[in-house]
Amino acid sequence: MHLQVFLNATLRRYVPGYDPYQGLSLEVAPGATVAQVINRLGLPPQEVTIIMVDGLRRDMDYTLQGNERLGLFPPIGGG
């Protein structure tokens, strides 16, 4: 099944050649979880603190349905 994955801020450094304007087109097995996608991309799970699927906040155990937009964010600080 198809996903469009967008990495934000410091997570981009883990995927060589990542294009922030296009994101990643990724094919995953039916029933894949967000955690499996994070593992497949080689991202450290502890650095992914916000997960958005089609604009809704989800967790690592969320089962993806396909044809979704997955946004992954590191810890965000501010002042």
# chains A, B, ... in the order shown; residues from 1 in each chain; ligands from 1
$ select_by_dssp --residues "region 4-60 of chain A" --states "alpha helix (DSSP H)" --output "PDB file with N, CA and C atoms, in the first residue's frame"
ATOM      1  N   VAL A  34       2.887   2.584  12.153  1.00  0.00           N
ATOM      2  CA  VAL A  34       3.794   3.736  12.073  1.00  0.00           C
ATOM      3  C   VAL A  34       5.178   3.325  12.565  1.00  0.00           C
ATOM      4  N   ALA A  35       5.250   2.550  13.636  1.00  0.00           N
ATOM      5  CA  ALA A  35       6.543   2.096  14.171  1.00  0.00           C
ATOM      6  C   ALA A  35       7.341   1.323  13.131  1.00  0.00           C
ATOM      7  N   GLN A  36       6.679   0.496  12.327  1.00  0.00           N
ATOM      8  CA  GLN A  36       7.370  -0.266  11.285  1.00  0.00           C
ATOM      9  C   GLN A  36       7.922   0.658  10.202  1.00  0.00           C
ATOM     10  N   VAL A  37       7.183   1.699   9.860  1.00  0.00           N
ATOM     11  CA  VAL A  37       7.658   2.667   8.863  1.00  0.00           C
ATOM     12  C   VAL A  37       8.873   3.413   9.412  1.00  0.00           C
ATOM     13  N   ILE A  38       8.804   3.832  10.661  1.00  0.00           N
ATOM     14  CA  ILE A  38       9.925   4.539  11.295  1.00  0.00           C
ATOM     15  C   ILE A  38      11.163   3.650  11.291  1.00  0.00           C
ATOM     16  N   ASN A  39      10.999   2.382  11.622  1.00  0.00           N
ATOM     17  CA  ASN A  39      12.109   1.431  11.618  1.00  0.00           C
ATOM     18  C   ASN A  39      12.663   1.246  10.211  1.00  0.00           C
ATOM     19  N   ARG A  40      11.790   1.096   9.237  1.00  0.00           N
ATOM     20  CA  ARG A  40      12.222   0.906   7.847  1.00  0.00           C
ATOM     21  C   ARG A  40      13.041   2.092   7.343  1.00  0.00           C
TER      22      ARG A  40
END
$ residues_around --residues "Thr10 (chain A)" --least-positions-apart "6" --cutoff "9 Å" --atoms "only C-alpha atoms" --output "PDB file with C-alpha atoms, in the first residue's frame"
ATOM      1  CA  GLU A  47      13.452  11.174  18.146  1.00  0.00           C
ATOM      2  CA  PHE A  73       8.240  15.386  13.816  1.00  0.00           C
ATOM      3  CA  PRO A  74      11.113  15.485  16.329  1.00  0.00           C
TER       4      PRO A  74
END
$ residues_around --residues "region 52-67 of chain A" --least-positions-apart "6" --cutoff "8 Å" --atoms "only C-alpha atoms" --output "PyMOL selection string"
chain A and resi 1-4+30-35
$ select_by_dssp --residues "chain A" --states "strand (DSSP E or B)" --output "ChimeraX atom specification"
/A:2-7,24-27,33,50-53,56-58,63,68-73
$ write_last_selection --atoms "C-alpha atoms" --output "short mmCIF file (atom, residue, chain, number, x, y, z; two decimals), in the first residue's frame"
data_model
loop_
_atom_site.label_atom_id
_atom_site.label_comp_id
_atom_site.auth_asym_id
_atom_site.auth_seq_id
_atom_site.Cartn_x
_atom_site.Cartn_y
_atom_site.Cartn_z
CA HIS A 2 1.15 3.52 -0.73
CA LEU A 3 2.13 6.25 1.75
CA GLN A 4 3.47 9.77 1.34
CA VAL A 5 5.91 10.40 4.19
CA PHE A 6 7.09 13.84 5.28
CA LEU A 7 10.01 14.21 7.66
CA LEU A 24 8.95 10.16 0.28
CA SER A 25 6.69 7.89 -1.71
CA LEU A 26 6.76 4.59 0.11
CA GLU A 27 5.15 1.20 -0.45
CA THR A 33 2.18 0.33 11.74
CA ILE A 50 4.74 13.82 17.03
CA ILE A 51 3.02 11.61 14.45
CA MET A 52 0.35 12.97 12.12
CA VAL A 53 -1.66 10.81 9.72
CA LEU A 56 -4.73 13.70 12.84
CA ARG A 57 -2.38 12.94 15.73
CA ARG A 58 -1.59 9.23 16.07
CA THR A 63 -2.16 0.74 11.81
CA GLU A 68 -2.25 8.35 3.60
CA ARG A 69 0.01 11.30 4.33
CA LEU A 70 2.32 10.54 7.27
CA GLY A 71 4.13 13.42 8.95
CA LEU A 72 6.88 12.70 11.49
CA PHE A 73 8.24 15.39 13.82
#
